[in-house]
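*Asks:* Dumping the structure here so I can ask a few things about it.
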Amino acid sequence: MCPFNSRNLHMARFRVAVLSVLVFALSLSGCDKGLSPSAPPPPPIPMGYISGIIRYQHWPSRDSLHDLRLVAFRIFPPSNIVNEVLLGRAVVYPPLGDTALVPFFVDSLRYLFILPAAEYKYVVVAQQYGPTITTDWRAVGQYDLDTNLAVPSPVTIAANDTSRNININVDFRNPPPTPTAALFGTERTRRRYH
Amino acid sequence: MGLNAPGGDITSVFTQPQKISHPTPLLHREGSFGHNSRAILRLTLVCCSIAFPFQSVFAQLAFIKGKVVARSSGEPLAGVNILLQGTTRGMATNVGGVFQFSDVRPGTYGLSFSLVGYQRETRPDIIVREGEAVELRIELTPSPIQGEPIIVTANKYEQSLQDVPVSVSTMDAASIARRNIVTLDDALRYVPGVNLTEWQVNIRGSSGYSRGAGSRVLLLVDGIPFTTGDTGELNFESFPAGQTERVEVVKGAGSALYGSSALGGVINIITKSIPDQPETRIRAYGGLYSGPAFSSWDWGGGTRFLDGQAFSHSRTVDNVGLLIFGSRAADDGFRQNDYRRRYNGYLKAHCSLSSYDALTTTFSILHQNRGSFLYWKDLPYALVPPDPQQGDIVRSTRFYWSGLYTHTVSSTFLYDVKAMWYHNKWEDTIDTLTNSSRSDVVRGELQGTWSPSATNVATFGIEVSTDKVNADLFGKRSGYGIALYAQDEFEVLPPLKATIGARFDFQDLDSLESTGQLNPKLGLIYRPMEGTAVRASFGRGFRAPAVAEAFTDAFISGLHIIPNPNLKPERSWTYEIGVSQIVWSTAQLDLALFRSDFDYLIESGITPQLQGQFQNVTKARVQGIETSARFAFLDNAVLLNLSYTYVYPKDLTTDDILKYRPRHLLYVNGFAQFGMFNVGVDFRFISRVERIDDELVTLGIVKNGDQRVAIYVTDLRLGMDFSRIDVPLAAQLNINNIFHYNYVELIGNIASARNIVLTLETKL
């Protein structure tokens, strides 16, 4: 075989190789664009709904309102909001990963949210009063059938059903007692942060 | 006397084969150096001679000289690596293909000649008699696969790649230039077994992601560490990629020679030598990003551009070579507040003081302003940072100085004195407050290399370092370290070679408990026939915590990061067996099995009090397999490389996979040269990372942060080299991420969008 033919043979092989790489790449990527703006749906688990009205009194100043969420705990007393969320034993509304917040400076809020079907022993409105998401929380209102006892009432969520009238009164000046000293963070040491 | 003139003396400078000197020692010549400088140099030499208990004895010595040409055409070959076997000496041919070893002691030697694209040639049994000259003419035969390039990183001296008992990958200057690589971390994305999470390097699953705090990979420039004192991270942007001759990546623990940080591997940037002839290079590139893949991601930034300019000039006057380099790079970024403006300066000077001494110094400086994009607002707004992070900026100024003095005491012994100073200063406005950090690292090393016979090379040395940090985030901290190392490479039974060695490190970092660590290693290389190498190695790795890991005290997006005064150094045992085989001169195959067992691995975690902290994970194991194949045809005009790496990185404490470690890496690239045209394609597949910082997602700090996919990225490049028609111009068109695939390397961070870049370079 003359060198010229050998060279042509090699070039033909290479063209095949380059085309193979491109076709291989294209087929592996499946012609899709990878990530897209809409997240895929979560895996199906039995879900139910909870609804009610939150009534507010004595709103604090805006600088201590970093966040406000409705939290349903499966156990009482819980160890810590963030810890319970990390352990999957608490559901937060709106979810912590959501940019939407419970609206501030309103008299009342009618809510409805979806959560896994289970018994929730402690449903509470929690205020993040400082910058530290892991510690700067306190309970400002809880669901209790007898407000005089200040004991939270459990709520059972059935699959594909709605537990209604889970109403909560929030008085920022007179919050319910904290279940344990470590339940919500009390540290408020504002440091220089990165 | 010209370098190409017959009889011209060429210094044999070990580990720096490109350095070519003149016959007469500088101290006796008139040159550009002033008398004071010479006096200082003379004093330095005297001090070094006093400090080191070896005598220079060159009486009645001979020399070996010759010329290396291509067998087919007879044309002289420049840059041929030559090792004088049985000694510690090596060098490279000059532009005329000429080489000369001066002052060789009488005896019998072997010479090996290697050059990319040519078969390795050896000349054993060269007899050198007292006072005589041996003259050789060497003809090299073209070979598509050159299986034995010379590397320096594995054992701190030059040796053939197939003679090292660990896995090493290299990337040369041409590959870097063809990809228009601006910062060298991008070059590593094509190296088998290596993947990056943003700019953090992961070699075979050794590293996850720690936001730049600490690194399990040691970065060297010409064998001298290039890491900062505060964060201990690898700042690739501080070194101009265009000044790289090649990059060597040693996989697996290198602590037995390099100490802390070399736990997962070593990356050594070998800088370009200063050419004999004056040379001016101008390089400019410009390009743009494709628009967002989805209309909802369009944040109104319009067309986003990137461009850069670089200038370098070098010349050699007498025995002093000087290279200056300056560059500017601007990148609008395809995400909001992700721009950067960077200025780099670089200076390299080389002085051959005599036939036996050489001094090299480098200085680099960087100034950079950039926006900060920590993570996206959420997936529907993936190219926009959260509102509180809008307008955050980071300003950095860094400079690095290094010096290397090499002295050949005799034909079998030389020593190097190395020193460096790295100053790092940055400030940012992240999370509304201004943070700043200043750090300085100073290192010094004395290394000796002794080769009593052709089959025995001993390397030993002492290294000291000190660093000081003053930062809002880390406080005022200081530390120091001292290390001793020694290793011997010898022939057990031909063709079996062994490397045995150890290094002892003592580290003291501020209030952390001082620690000492002995890191032994053993390597075996068995070469039953030409083109075949079987290797095995094990060794201990060690990494002291970086200041940032031990002392960070900060709030990051609502999470309090606290110091860990009880942080211990990481330790590991690394094992590897591998085989390399050249097939029919057109293919090189490599297979490696590897495993690392880690104790006290440092990973970011959450304390029971829900504070972020760097903690010692009790035990972890990373094991896997890596295979690669390289095919070359038509005198390297056509190349095809494939590599696949499987890694299983397991946290033995929690029985879970380690964070940010993909299991599968598949890289494919092809290149072809057609006369003045060239074309190349790179493809990389990285499997979906199985575990990330779930806490950041669950707590809503990084919204939709769990969204990630496998990575399929294809780059295409087309080039034209007009120098083949006597026009000093090269043009390159790069289309990166040609399929515009959207992926994340780090949670909440869409990686680079498709971009098209045109590069022009001229050499005057």
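Letters A, B, ... mark the chains of the structure tokens in the order given; residue numbers begin at 1 per chain; ligand numbers begin at 1, in order shown.
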Based on only C-alpha atoms, which of the residues in chain B come within 6 Å of chain A? I want them as a list in words.

*Replies:*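 The selection requested is Leu379, Pro380, Ile430, Ala554, Phe555, Ile556, Gly558, Leu559, Leu610, Leu699, Gly700, Lys703, Tyr712, Tyr741, Asn742 and Tyr743 of chain B.
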
*Asks:* Separation of atom CA of Glu233 of chain B and atom CA of Gly264 of chain B, in Å?

*Replies:* 13.7 Å

*Asks:* Could you give me the residues within segment 170-283 of chain B that DSSP places in helix (DSSP H, G or I), as a list in words?

*Replies:*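 Result set for segment 170-283 of chain B (helix (DSSP H, G or I)): Ala173, Ala174, Ser175, Ile176, Ala177, Arg178, Asp185, Asp186, Ala187, Leu188, Phe236, Glu237, Ser238, Ala241, Gly242, Gln243, Ser255, Ala256, Leu257 and Tyr258 of chain B.
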
*Asks:* Tell me, which residues of segment 489-589 of chain B carry DSSP strand (DSSP E or B), written as number ranges by chain?

*Replies:* B: 489-493, 496-509, 515-526, 532-543, 554-556, 559-561, 570-583, 587-589
